[in-house]
>>> print(open('query-v3.pdb').read())   # PDB, C-alpha atoms, pLDDT in the B column
ATOM      1  CA  MET K 757     -16.269 184.972 196.002  1.00 85.00           C
ATOM      2  CA  THR K 758     -13.332 187.098 194.867  1.00 90.00           C
ATOM      3  CA  GLU K 759     -12.787 189.906 192.382  1.00 93.00           C
ATOM      4  CA  ILE K 760      -9.884 191.878 190.908  1.00 94.00           C
ATOM      5  CA  LEU K 761      -9.706 195.604 191.670  1.00 95.00           C
ATOM      6  CA  VAL K 762      -7.382 198.485 190.869  1.00 96.00           C
ATOM      7  CA  ILE K 763      -6.789 200.799 193.818  1.00 97.00           C
ATOM      8  CA  GLU K 764      -7.141 204.425 192.748  1.00 96.00           C
ATOM      9  CA  SER K 765      -6.222 206.304 195.916  1.00 95.00           C
ATOM     10  CA  LEU K 766      -5.661 206.090 199.656  1.00 96.00           C
ATOM     11  CA  GLY K 767      -8.633 207.076 201.802  1.00 94.00           C
ATOM     12  CA  HIS K 768      -8.417 209.343 204.844  1.00 92.00           C
ATOM     13  CA  GLN K 769      -8.436 206.339 207.219  1.00 91.00           C
ATOM     14  CA  GLY K 770      -5.668 204.560 205.314  1.00 94.00           C
ATOM     15  CA  ASP K 771      -7.740 202.100 203.275  1.00 95.00           C
ATOM     16  CA  GLY K 772      -7.256 201.805 199.526  1.00 96.00           C
ATOM     17  CA  VAL K 773     -10.150 203.155 197.450  1.00 96.00           C
ATOM     18  CA  ALA K 774     -11.385 201.385 194.308  1.00 95.00           C
ATOM     19  CA  GLN K 775     -14.324 201.878 191.975  1.00 92.00           C
ATOM     20  CA  THR K 776     -16.789 199.028 191.435  1.00 88.00           C
ATOM     21  CA  ALA K 777     -20.060 198.696 189.563  1.00 85.00           C
ATOM     22  CA  LYS K 778     -21.811 199.641 192.787  1.00 84.00           C
ATOM     23  CA  GLY K 779     -19.602 202.632 193.539  1.00 89.00           C
ATOM     24  CA  ARG K 780     -16.534 203.222 195.680  1.00 92.00           C
ATOM     25  CA  THR K 781     -15.268 200.489 197.966  1.00 93.00           C
ATOM     26  CA  PHE K 782     -12.500 200.408 200.561  1.00 94.00           C
ATOM     27  CA  VAL K 783      -9.821 197.736 200.829  1.00 95.00           C
ATOM     28  CA  PRO K 784      -7.566 197.748 203.919  1.00 93.00           C
ATOM     29  CA  PHE K 785      -3.780 197.356 203.500  1.00 95.00           C
ATOM     30  CA  THR K 786      -3.682 198.343 199.831  1.00 97.00           C
ATOM     31  CA  LEU K 787      -2.048 201.309 198.096  1.00 97.00           C
ATOM     32  CA  ALA K 788      -2.817 203.572 195.160  1.00 96.00           C
ATOM     33  CA  GLY K 789      -1.956 202.017 191.795  1.00 96.00           C
ATOM     34  CA  GLU K 790      -2.078 198.433 193.013  1.00 97.00           C
ATOM     35  CA  ARG K 791      -3.951 195.632 191.294  1.00 97.00           C
ATOM     36  CA  VAL K 792      -5.347 193.332 193.953  1.00 97.00           C
ATOM     37  CA  GLU K 793      -7.509 190.289 194.475  1.00 96.00           C
ATOM     38  CA  VAL K 794     -10.118 190.744 197.200  1.00 94.00           C
ATOM     39  CA  ALA K 795     -12.688 188.550 198.876  1.00 93.00           C
ATOM     40  CA  ILE K 796     -16.245 189.837 199.201  1.00 88.00           C
ATOM     41  CA  SER K 797     -18.131 189.181 202.437  1.00 80.00           C
ATOM     42  CA  SER K 798     -21.254 191.030 203.607  1.00 75.00           C
ATOM     43  CA  GLY K 799     -20.441 193.882 201.252  1.00 71.00           C
ATOM     44  CA  HIS K 800     -16.897 194.320 202.623  1.00 80.00           C
ATOM     45  CA  ARG K 801     -13.674 193.680 200.725  1.00 88.00           C
ATOM     46  CA  LYS K 802     -10.771 191.834 202.289  1.00 90.00           C
ATOM     47  CA  LEU K 803      -7.359 191.696 200.665  1.00 93.00           C
ATOM     48  CA  VAL K 804      -6.433 188.232 199.384  1.00 95.00           C
ATOM     49  CA  GLU K 805      -3.350 188.998 197.291  1.00 95.00           C
ATOM     50  CA  VAL K 806      -1.482 191.963 195.854  1.00 97.00           C
ATOM     51  CA  LEU K 807      -1.088 191.072 192.174  1.00 97.00           C
ATOM     52  CA  GLN K 808       0.784 194.224 191.168  1.00 97.00           C
ATOM     53  CA  PRO K 809       2.335 196.062 194.130  1.00 97.00           C
ATOM     54  CA  SER K 810       2.936 199.787 194.318  1.00 97.00           C
ATOM     55  CA  VAL K 811       6.518 201.051 194.225  1.00 97.00           C
ATOM     56  CA  ASP K 812       5.649 202.692 197.560  1.00 97.00           C
ATOM     57  CA  ARG K 813       4.957 199.374 199.280  1.00 98.00           C
ATOM     58  CA  ILE K 814       7.422 198.328 202.004  1.00 97.00           C
ATOM     59  CA  ALA K 815       7.616 195.566 204.605  1.00 96.00           C
ATOM     60  CA  PRO K 816       5.856 196.527 207.874  1.00 95.00           C
ATOM     61  CA  ILE K 817       8.122 197.066 210.882  1.00 93.00           C
ATOM     62  CA  CYS K 818       5.837 195.229 213.325  1.00 94.00           C
ATOM     63  CA  GLN K 819       4.953 191.532 213.418  1.00 94.00           C
ATOM     64  CA  HIS K 820       1.416 192.384 214.553  1.00 95.00           C
ATOM     65  CA  PHE K 821       0.640 194.735 211.654  1.00 94.00           C
ATOM     66  CA  GLY K 822      -2.573 193.812 209.902  1.00 90.00           C
ATOM     67  CA  LEU K 823      -4.059 192.177 212.985  1.00 91.00           C
ATOM     68  CA  CYS K 824      -3.870 194.458 216.009  1.00 89.00           C
ATOM     69  CA  GLY K 825      -5.798 197.380 214.496  1.00 84.00           C
ATOM     70  CA  GLY K 826      -3.439 199.991 215.895  1.00 86.00           C
ATOM     71  CA  CYS K 827      -1.626 200.962 212.664  1.00 90.00           C
ATOM     72  CA  GLN K 828      -3.130 201.176 209.188  1.00 92.00           C
ATOM     73  CA  VAL K 829      -0.347 202.113 206.764  1.00 95.00           C
ATOM     74  CA  GLN K 830       2.927 200.553 207.883  1.00 95.00           C
ATOM     75  CA  HIS K 831       3.143 199.120 204.361  1.00 96.00           C
ATOM     76  CA  LEU K 832       3.574 202.633 202.896  1.00 97.00           C
ATOM     77  CA  ASN K 833       7.068 204.127 202.641  1.00 96.00           C
ATOM     78  CA  HIS K 834       7.889 207.040 204.905  1.00 95.00           C
ATOM     79  CA  ASN K 835       8.041 209.886 202.382  1.00 95.00           C
ATOM     80  CA  SER K 836       4.777 208.836 200.722  1.00 96.00           C
ATOM     81  CA  TYR K 837       3.187 208.530 204.149  1.00 96.00           C
ATOM     82  CA  LEU K 838       4.145 212.123 205.011  1.00 96.00           C
ATOM     83  CA  ALA K 839       2.846 213.352 201.656  1.00 96.00           C
ATOM     84  CA  TRP K 840      -0.473 211.532 202.212  1.00 96.00           C
ATOM     85  CA  LYS K 841      -0.887 213.012 205.705  1.00 96.00           C
ATOM     86  CA  ARG K 842      -0.186 216.514 204.391  1.00 96.00           C
ATOM     87  CA  GLN K 843      -2.693 216.042 201.579  1.00 95.00           C
ATOM     88  CA  LEU K 844      -5.386 215.134 204.093  1.00 95.00           C
ATOM     89  CA  VAL K 845      -4.944 218.588 205.633  1.00 96.00           C
ATOM     90  CA  VAL K 846      -4.874 220.278 202.230  1.00 95.00           C
ATOM     91  CA  ASP K 847      -8.094 218.545 201.169  1.00 94.00           C
ATOM     92  CA  ALA K 848      -9.844 219.401 204.440  1.00 95.00           C
ATOM     93  CA  LEU K 849      -8.944 223.070 204.056  1.00 96.00           C
ATOM     94  CA  ILE K 850     -10.080 223.140 200.425  1.00 95.00           C
ATOM     95  CA  SER K 851     -13.417 221.574 201.390  1.00 95.00           C
ATOM     96  CA  ALA K 852     -13.871 224.418 203.888  1.00 96.00           C
ATOM     97  CA  ASP K 853     -12.904 226.972 201.216  1.00 96.00           C
ATOM     98  CA  ILE K 854      -9.735 227.913 203.083  1.00 96.00           C
ATOM     99  CA  ASN K 855      -6.800 228.810 200.858  1.00 92.00           C
ATOM    100  CA  VAL K 856      -3.557 228.732 202.836  1.00 94.00           C
ATOM    101  CA  SER K 857      -0.111 227.263 202.395  1.00 94.00           C
ATOM    102  CA  VAL K 858       0.438 223.926 204.155  1.00 95.00           C
ATOM    103  CA  GLU K 859       3.963 223.157 205.312  1.00 95.00           C
ATOM    104  CA  PRO K 860       5.515 219.673 205.051  1.00 94.00           C
ATOM    105  CA  VAL K 861       4.719 217.270 207.877  1.00 94.00           C
ATOM    106  CA  LEU K 862       7.264 217.054 210.685  1.00 90.00           C
ATOM    107  CA  SER K 863       8.099 213.483 211.632  1.00 88.00           C
ATOM    108  CA  PHE K 864       9.716 211.765 214.579  1.00 83.00           C
ATOM    109  CA  PRO K 865      11.245 208.318 215.210  1.00 81.00           C
ATOM    110  CA  GLU K 866       8.694 205.516 215.609  1.00 82.00           C
ATOM    111  CA  ASP K 867       9.353 204.767 219.274  1.00 85.00           C
ATOM    112  CA  ARG K 868       8.465 208.200 220.660  1.00 85.00           C
ATOM    113  CA  ARG K 869       4.822 207.734 221.710  1.00 91.00           C
ATOM    114  CA  ARG K 870       4.751 207.888 225.492  1.00 94.00           C
ATOM    115  CA  ARG K 871       1.052 207.300 226.034  1.00 94.00           C
ATOM    116  CA  VAL K 872      -1.003 204.331 224.925  1.00 95.00           C
ATOM    117  CA  VAL K 873      -4.467 202.925 225.619  1.00 95.00           C
ATOM    118  CA  PHE K 874      -4.416 199.137 225.641  1.00 96.00           C
ATOM    119  CA  SER K 875      -7.395 196.803 225.714  1.00 96.00           C
ATOM    120  CA  ALA K 876      -7.277 193.992 228.250  1.00 97.00           C
ATOM    121  CA  THR K 877      -9.345 191.004 229.281  1.00 96.00           C
ATOM    122  CA  HIS K 878      -8.997 187.871 231.398  1.00 94.00           C
ATOM    123  CA  THR K 879      -8.467 184.473 229.825  1.00 89.00           C
ATOM    124  CA  SER K 880      -8.648 181.136 231.609  1.00 84.00           C
ATOM    125  CA  SER K 881      -4.989 181.355 232.603  1.00 86.00           C
ATOM    126  CA  ASP K 882      -3.668 184.808 231.800  1.00 90.00           C
ATOM    127  CA  VAL K 883      -4.414 188.420 230.874  1.00 95.00           C
ATOM    128  CA  GLN K 884      -4.638 189.422 227.231  1.00 95.00           C
ATOM    129  CA  LEU K 885      -3.160 192.874 226.680  1.00 96.00           C
ATOM    130  CA  GLY K 886      -3.077 194.497 223.273  1.00 96.00           C
ATOM    131  CA  PHE K 887      -5.263 196.235 220.722  1.00 95.00           C
ATOM    132  CA  ILE K 888      -8.648 195.534 219.145  1.00 93.00           C
ATOM    133  CA  GLN K 889      -8.504 193.916 215.721  1.00 90.00           C
ATOM    134  CA  LYS K 890     -10.040 196.166 213.086  1.00 82.00           C
ATOM    135  CA  SER K 891     -13.815 195.749 212.595  1.00 77.00           C
ATOM    136  CA  THR K 892     -14.032 193.167 215.417  1.00 85.00           C
ATOM    137  CA  HIS K 893     -14.248 192.961 219.204  1.00 87.00           C
ATOM    138  CA  THR K 894     -11.226 190.656 219.381  1.00 91.00           C
ATOM    139  CA  ILE K 895      -8.138 191.635 221.365  1.00 94.00           C
ATOM    140  CA  ILE K 896      -4.866 190.890 219.604  1.00 94.00           C
ATOM    141  CA  ALA K 897      -2.298 190.306 222.350  1.00 94.00           C
ATOM    142  CA  ILE K 898       0.997 191.971 221.479  1.00 95.00           C
ATOM    143  CA  SER K 899       4.588 191.201 222.359  1.00 93.00           C
ATOM    144  CA  GLU K 900       6.024 194.353 220.773  1.00 93.00           C
ATOM    145  CA  CYS K 901       4.977 197.765 219.509  1.00 94.00           C
ATOM    146  CA  PRO K 902       7.582 199.780 217.594  1.00 93.00           C
ATOM    147  CA  VAL K 903       5.442 202.912 217.802  1.00 92.00           C
ATOM    148  CA  ILE K 904       5.474 203.351 221.578  1.00 95.00           C
ATOM    149  CA  THR K 905       8.443 204.147 223.755  1.00 95.00           C
ATOM    150  CA  GLY K 906      10.545 201.283 225.031  1.00 94.00           C
ATOM    151  CA  LYS K 907       9.726 202.428 228.570  1.00 96.00           C
ATOM    152  CA  ILE K 908       6.275 200.935 227.914  1.00 97.00           C
ATOM    153  CA  SER K 909       6.890 198.211 225.324  1.00 95.00           C
ATOM    154  CA  SER K 910       9.567 196.594 227.502  1.00 95.00           C
ATOM    155  CA  LYS K 911       7.134 196.450 230.438  1.00 97.00           C
ATOM    156  CA  LEU K 912       4.156 194.644 228.895  1.00 97.00           C
ATOM    157  CA  ASP K 913       4.499 191.681 231.272  1.00 96.00           C
ATOM    158  CA  VAL K 914       4.858 194.066 234.217  1.00 97.00           C
ATOM    159  CA  ILE K 915       1.667 195.907 233.230  1.00 98.00           C
ATOM    160  CA  LYS K 916      -0.206 192.597 232.985  1.00 97.00           C
ATOM    161  CA  LYS K 917       1.091 191.544 236.397  1.00 97.00           C
ATOM    162  CA  VAL K 918       0.012 194.794 238.053  1.00 97.00           C
ATOM    163  CA  ILE K 919      -3.490 194.962 236.554  1.00 97.00           C
ATOM    164  CA  ARG K 920      -4.323 191.244 236.844  1.00 96.00           C
ATOM    165  CA  PRO K 921      -5.800 191.422 240.395  1.00 96.00           C
ATOM    166  CA  ILE K 922      -8.005 194.433 239.616  1.00 97.00           C
ATOM    167  CA  LEU K 923      -8.995 193.742 236.015  1.00 96.00           C
ATOM    168  CA  PRO K 924     -12.776 193.233 235.814  1.00 92.00           C
ATOM    169  CA  ALA K 925     -13.648 189.545 235.516  1.00 89.00           C
ATOM    170  CA  LYS K 926     -15.610 189.938 232.283  1.00 90.00           C
ATOM    171  CA  GLY K 927     -15.497 192.108 229.210  1.00 92.00           C
ATOM    172  CA  VAL K 928     -12.811 194.312 227.699  1.00 94.00           C
ATOM    173  CA  THR K 929     -11.230 197.053 229.796  1.00 96.00           C
ATOM    174  CA  SER K 930      -9.220 200.073 228.645  1.00 96.00           C
ATOM    175  CA  ILE K 931      -5.807 200.418 230.278  1.00 97.00           C
ATOM    176  CA  HIS K 932      -4.128 203.835 230.007  1.00 97.00           C
ATOM    177  CA  VAL K 933      -0.348 203.766 230.354  1.00 97.00           C
ATOM    178  CA  LEU K 934       1.754 206.917 230.429  1.00 96.00           C
ATOM    179  CA  ALA K 935       5.555 206.836 230.456  1.00 96.00           C
ATOM    180  CA  CYS K 936       6.416 209.730 232.747  1.00 95.00           C
ATOM    181  CA  ASP K 937       9.854 211.105 233.529  1.00 94.00           C
ATOM    182  CA  ASN K 938       9.797 209.271 236.857  1.00 94.00           C
ATOM    183  CA  GLY K 939       8.031 205.995 236.042  1.00 95.00           C
ATOM    184  CA  LEU K 940       4.876 204.461 234.583  1.00 97.00           C
ATOM    185  CA  ASP K 941       1.427 205.831 235.357  1.00 97.00           C
ATOM    186  CA  ILE K 942      -1.187 203.055 234.923  1.00 98.00           C
ATOM    187  CA  HIS K 943      -4.915 203.812 234.925  1.00 97.00           C
ATOM    188  CA  VAL K 944      -7.627 201.143 234.681  1.00 97.00           C
ATOM    189  CA  GLU K 945     -10.965 202.401 233.350  1.00 95.00           C
ATOM    190  CA  ALA K 946     -13.702 201.051 235.609  1.00 92.00           C
ATOM    191  CA  ASP K 947     -16.908 202.025 237.393  1.00 89.00           C
ATOM    192  CA  SER K 948     -17.071 199.089 239.816  1.00 87.00           C
ATOM    193  CA  LYS K 949     -15.788 198.754 243.372  1.00 89.00           C
ATOM    194  CA  LEU K 950     -12.703 196.794 244.298  1.00 93.00           C
ATOM    195  CA  ALA K 951     -12.487 194.008 246.820  1.00 93.00           C
ATOM    196  CA  GLU K 952      -9.868 194.766 249.475  1.00 95.00           C
ATOM    197  CA  LYS K 953      -7.825 191.653 248.667  1.00 96.00           C
ATOM    198  CA  ALA K 954      -7.600 192.661 244.989  1.00 96.00           C
ATOM    199  CA  ARG K 955      -6.615 196.200 245.947  1.00 96.00           C
ATOM    200  CA  GLN K 956      -3.852 195.015 248.248  1.00 97.00           C
ATOM    201  CA  SER K 957      -2.460 192.593 245.645  1.00 97.00           C
ATOM    202  CA  ALA K 958      -2.323 195.272 242.949  1.00 97.00           C
ATOM    203  CA  VAL K 959      -0.673 197.756 245.302  1.00 97.00           C
ATOM    204  CA  ARG K 960       1.931 195.179 246.322  1.00 97.00           C
ATOM    205  CA  TYR K 961       2.779 194.428 242.684  1.00 98.00           C
ATOM    206  CA  ALA K 962       2.939 198.141 241.846  1.00 97.00           C
ATOM    207  CA  LEU K 963       5.434 198.633 244.667  1.00 97.00           C
ATOM    208  CA  GLU K 964       7.509 195.640 243.570  1.00 97.00           C
ATOM    209  CA  GLU K 965       7.705 196.971 240.010  1.00 97.00           C
ATOM    210  CA  ASN K 966       8.344 200.609 240.980  1.00 96.00           C
ATOM    211  CA  ILE K 967       5.179 201.924 239.305  1.00 97.00           C
ATOM    212  CA  ALA K 968       4.820 205.672 239.885  1.00 97.00           C
ATOM    213  CA  ARG K 969       1.029 205.560 240.183  1.00 97.00           C
ATOM    214  CA  LEU K 970      -1.775 203.019 239.831  1.00 98.00           C
ATOM    215  CA  SER K 971      -5.402 204.114 239.638  1.00 97.00           C
ATOM    216  CA  PHE K 972      -8.688 202.291 239.194  1.00 97.00           C
ATOM    217  CA  GLY K 973     -11.711 204.283 238.060  1.00 94.00           C
ATOM    218  CA  ASP K 974     -11.769 207.437 240.163  1.00 93.00           C
ATOM    219  CA  GLU K 975      -9.584 205.927 242.910  1.00 94.00           C
ATOM    220  CA  ILE K 976      -5.818 206.280 243.168  1.00 96.00           C
ATOM    221  CA  LEU K 977      -4.676 202.963 244.612  1.00 97.00           C
ATOM    222  CA  ILE K 978      -1.070 204.017 245.127  1.00 97.00           C
ATOM    223  CA  GLU K 979       1.112 206.958 244.183  1.00 96.00           C
ATOM    224  CA  THR K 980       4.725 206.441 245.174  1.00 94.00           C
ATOM    225  CA  LYS K 981       5.724 209.622 243.352  1.00 93.00           C
ATOM    226  CA  ARG K 982       3.734 212.306 241.577  1.00 93.00           C
ATOM    227  CA  PRO K 983       3.975 211.462 237.864  1.00 93.00           C
ATOM    228  CA  LYS K 984       5.676 214.269 235.935  1.00 93.00           C
ATOM    229  CA  LEU K 985       6.171 215.016 232.251  1.00 92.00           C
ATOM    230  CA  THR K 986       8.630 217.388 230.660  1.00 91.00           C
ATOM    231  CA  MET K 987       6.796 219.703 228.256  1.00 89.00           C
ATOM    232  CA  GLY K 988       9.225 222.135 226.721  1.00 88.00           C
ATOM    233  CA  THR K 989      10.964 223.767 229.671  1.00 91.00           C
ATOM    234  CA  ALA K 990       8.206 222.918 232.138  1.00 92.00           C
ATOM    235  CA  LYS K 991       7.735 219.933 234.461  1.00 91.00           C
ATOM    236  CA  VAL K 992       4.027 219.121 234.552  1.00 91.00           C
ATOM    237  CA  CYS K 993       2.225 216.942 237.101  1.00 91.00           C
ATOM    238  CA  VAL K 994      -0.458 214.965 235.300  1.00 89.00           C
ATOM    239  CA  PRO K 995      -3.792 213.585 236.563  1.00 89.00           C
ATOM    240  CA  PRO K 996      -4.721 209.900 236.127  1.00 89.00           C
ATOM    241  CA  GLY K 997      -5.934 208.848 232.688  1.00 81.00           C
ATOM    242  CA  LEU K 998      -4.668 212.028 231.037  1.00 73.00           C
ATOM    243  CA  PHE K 999      -4.845 211.995 227.240  1.00 58.00           C
TER
END
>>> encode(input="query-v3.pdb", output="structure tokens")
Amino acid sequence: MTEILVIESLGHQGDGVAQTAKGRTFVPFTLAGERVEVAISSGHRKLVEVLQPSVDRIAPICQHFGLCGGCQVQHLNHNSYLAWKRQLVVDALISADINVSVEPVLSFPEDRRRRVVFSATHTSSDVQLGFIQKSTHTIIAISECPVITGKISSKLDVIKKVIRPILPAKGVTSIHVLACDNGLDIHVEADSKLAEKARQSAVRYALEENIARLSFGDEILIETKRPKLTMGTAKVCVPPGLF
């Protein structure tokens, strides 16, 4: 079953907001002013087609957009995106009865994020490394990510190689990767114990790939150099799994 909706605004999580006979509904990957066709399933709306696009709509910069669940509004042009983010702050302050001036949002190039939390799981022949698809438990394996620094995005195969021996056999595991000044810091979230063979394999791969530090749960498996970040004028040593 499908229906035609007009998107009135952009919600605080990036979904388009439309009014229906049963009240407000949210439609991912739509923009204010658009006329769209949506499919209805279990009370949720899924975009089928944009019938009348917004002038603010642009082509996403990533091939995985719409699947991986990491980004929500790559289809919105940059200036409108900054205005939307600023308005979120303005609205939050108004709701708290705080009347202050809100400056424009400062922006940076896309590939500046130096920390990322991937999701990973074993397959029959490989390791899936990527992000969880929105509203599912499915990992979308990625081959690129324009948002994160190239120091990480160019090493996706290396990260998979290093974590493969120590990745839990079942389930989805969070993998924290931090691009430090002196190499990658990789932390595998876990509460289990490692077999010695798995530990040795992971350490060997980390050495081969010049990983600064590899940790598993509360254990540092190897630290060839203390990971450091430049913060302003300071050089800061960071603990494993730092957000």
>>> residues_near_point(input="query-v3.pdb", point="(-12.7, 193.6, 228.7)", cutoff="12 Å", atoms="all atoms listed in the file", output="list in words")
Phe874, Ser875, Ala876, Thr877, His878, Thr879, Val883, Gln884, Leu885, Gly886, Phe887, Ile888, His893, Thr894, Ile895, Arg920, Ile922, Leu923, Pro924, Ala925, Lys926, Gly927, Val928, Thr929, Ser930, Ile931, Val944, Glu945 and Ala946 of chain K
>>> resolve_selection(input="query-v3.pdb", expression="the PyMOL selection byres ((chain K and resi 770) around 8)", output="list in words")
Leu766, Gly767, His768, Gln769, Asp771, Gly772, Pro784, Phe785, Gln828 and Val829 of chain K
>>> residues_around(input="query-v3.pdb", residues="range 861-868 of chain K", least_positions_apart="3", cutoff="12 Å", atoms="only C-alpha atoms", output="ChimeraX atom specification")
/K:817-818,827,830,834-846,858,871-872,900-910,934-935
>>> atom_distance(input="query-v3.pdb", atom1="CA of Gly789 in chain K", atom2="CA of Glu764 in chain K")
5.8 Å
>>> residues_near_point(input="query-v3.pdb", point="(-2.8, 214.2, 236.2)", cutoff="10 Å", atoms="only C-alpha atoms", output="number ranges by chain")
K: 941, 982-985, 992-999
>>> closest_residue(input="query-v3.pdb", among="K:Ser765, K:Gln889, K:Thr986, K:Asn966", to="Phe821 in chain K", atoms="only C-alpha atoms")
K:Gln889
>>> closest_residue(input="query-v3.pdb", among="K:Glu759, K:Asp853, K:Asp913, K:Asp812", to="Asn833 in chain K", atoms="only C-alpha atoms")
K:Asp812
>>> atom_distance(input="query-v3.pdb", atom1="CA of Glu964 in chain K", atom2="CA of Ala951 in chain K")
20.3 Å
>>> closest_residue(input="query-v3.pdb", among="K:Ser880, K:Ser948, K:Ser891, K:Ser957", to="Lys917 in chain K", atoms="all atoms listed in the file")
K:Ser957
>>> atom_distance(input="query-v3.pdb", atom1="CA of Lys981 in chain K", atom2="CA of Ala962 in chain K")
11.9 Å
>>> closest_residue(input="query-v3.pdb", among="K:Ile896, K:Gly826, K:Leu761, K:Leu912", to="Ile796 in chain K", atoms="all atoms listed in the file")
K:Leu761
>>> build_atoms(input="query-v3.pdb", residues="range 979-985 of chain K", atoms="all heavy atoms", output="PDB file, in the coordinates of the input")
ATOM      1  N   GLU K 979       0.312 205.964 244.888  1.00 96.00           N
ATOM      2  CA  GLU K 979       1.112 206.958 244.183  1.00 96.00           C
ATOM      3  C   GLU K 979       2.421 207.103 244.953  1.00 96.00           C
ATOM      4  O   GLU K 979       2.488 207.810 245.958  1.00 96.00           O
ATOM      5  CB  GLU K 979       0.384 208.297 244.085  1.00 96.00           C
ATOM      6  CG  GLU K 979       1.116 209.339 243.266  1.00 96.00           C
ATOM      7  CD  GLU K 979       0.329 210.636 243.149  1.00 96.00           C
ATOM      8  OE1 GLU K 979       0.468 211.497 244.045  1.00 96.00           O
ATOM      9  OE2 GLU K 979      -0.438 210.762 242.178  1.00 96.00           O
ATOM     10  N   THR K 980       3.437 206.398 244.485  1.00 94.00           N
ATOM     11  CA  THR K 980       4.725 206.441 245.174  1.00 94.00           C
ATOM     12  C   THR K 980       5.474 207.733 244.875  1.00 94.00           C
ATOM     13  O   THR K 980       6.335 208.155 245.648  1.00 94.00           O
ATOM     14  CB  THR K 980       5.610 205.252 244.771  1.00 94.00           C
ATOM     15  OG1 THR K 980       5.833 205.297 243.353  1.00 94.00           O
ATOM     16  CG2 THR K 980       4.935 203.931 245.125  1.00 94.00           C
ATOM     17  N   LYS K 981       5.153 208.334 243.731  1.00 93.00           N
ATOM     18  CA  LYS K 981       5.724 209.622 243.352  1.00 93.00           C
ATOM     19  C   LYS K 981       4.770 210.293 242.384  1.00 93.00           C
ATOM     20  O   LYS K 981       4.125 209.611 241.579  1.00 93.00           O
ATOM     21  CB  LYS K 981       7.104 209.447 242.730  1.00 93.00           C
ATOM     22  CG  LYS K 981       7.205 208.320 241.734  1.00 93.00           C
ATOM     23  CD  LYS K 981       8.620 207.809 241.615  1.00 93.00           C
ATOM     24  CE  LYS K 981       8.662 206.445 240.937  1.00 93.00           C
ATOM     25  NZ  LYS K 981       9.977 205.828 240.969  1.00 93.00           N
ATOM     26  N   ARG K 982       4.651 211.578 242.451  1.00 93.00           N
ATOM     27  CA  ARG K 982       3.734 212.306 241.577  1.00 93.00           C
ATOM     28  C   ARG K 982       4.248 212.229 240.142  1.00 93.00           C
ATOM     29  O   ARG K 982       5.342 212.727 239.842  1.00 93.00           O
ATOM     30  CB  ARG K 982       3.653 213.769 242.019  1.00 93.00           C
ATOM     31  CG  ARG K 982       2.526 214.554 241.345  1.00 93.00           C
ATOM     32  CD  ARG K 982       1.191 214.173 241.928  1.00 93.00           C
ATOM     33  NE  ARG K 982       0.106 214.887 241.312  1.00 93.00           N
ATOM     34  CZ  ARG K 982      -0.318 216.103 241.697  1.00 93.00           C
ATOM     35  NH1 ARG K 982       0.289 216.700 242.721  1.00 93.00           N
ATOM     36  NH2 ARG K 982      -1.317 216.691 241.099  1.00 93.00           N
ATOM     37  N   PRO K 983       3.500 211.586 239.240  1.00 93.00           N
ATOM     38  CA  PRO K 983       3.975 211.462 237.864  1.00 93.00           C
ATOM     39  C   PRO K 983       4.179 212.829 237.215  1.00 93.00           C
ATOM     40  O   PRO K 983       3.313 213.705 237.298  1.00 93.00           O
ATOM     41  CB  PRO K 983       2.839 210.696 237.175  1.00 93.00           C
ATOM     42  CG  PRO K 983       2.185 209.927 238.275  1.00 93.00           C
ATOM     43  CD  PRO K 983       2.241 210.843 239.460  1.00 93.00           C
ATOM     44  N   LYS K 984       5.341 212.994 236.571  1.00 93.00           N
ATOM     45  CA  LYS K 984       5.676 214.269 235.935  1.00 93.00           C
ATOM     46  C   LYS K 984       6.119 214.048 234.498  1.00 93.00           C
ATOM     47  O   LYS K 984       6.767 213.055 234.175  1.00 93.00           O
ATOM     48  CB  LYS K 984       6.798 214.972 236.710  1.00 93.00           C
ATOM     49  CG  LYS K 984       6.395 215.422 238.104  1.00 93.00           C
ATOM     50  CD  LYS K 984       7.547 216.141 238.792  1.00 93.00           C
ATOM     51  CE  LYS K 984       7.136 216.607 240.197  1.00 93.00           C
ATOM     52  NZ  LYS K 984       8.257 217.307 240.879  1.00 93.00           N
ATOM     53  N   LEU K 985       5.759 215.016 233.647  1.00 92.00           N
ATOM     54  CA  LEU K 985       6.171 215.016 232.251  1.00 92.00           C
ATOM     55  C   LEU K 985       6.916 216.309 231.949  1.00 92.00           C
ATOM     56  O   LEU K 985       6.543 217.377 232.440  1.00 92.00           O
ATOM     57  CB  LEU K 985       4.962 214.935 231.320  1.00 92.00           C
ATOM     58  CG  LEU K 985       4.223 213.602 231.192  1.00 92.00           C
ATOM     59  CD1 LEU K 985       3.028 213.781 230.270  1.00 92.00           C
ATOM     60  CD2 LEU K 985       5.136 212.521 230.661  1.00 92.00           C
TER      61      LEU K 985
END
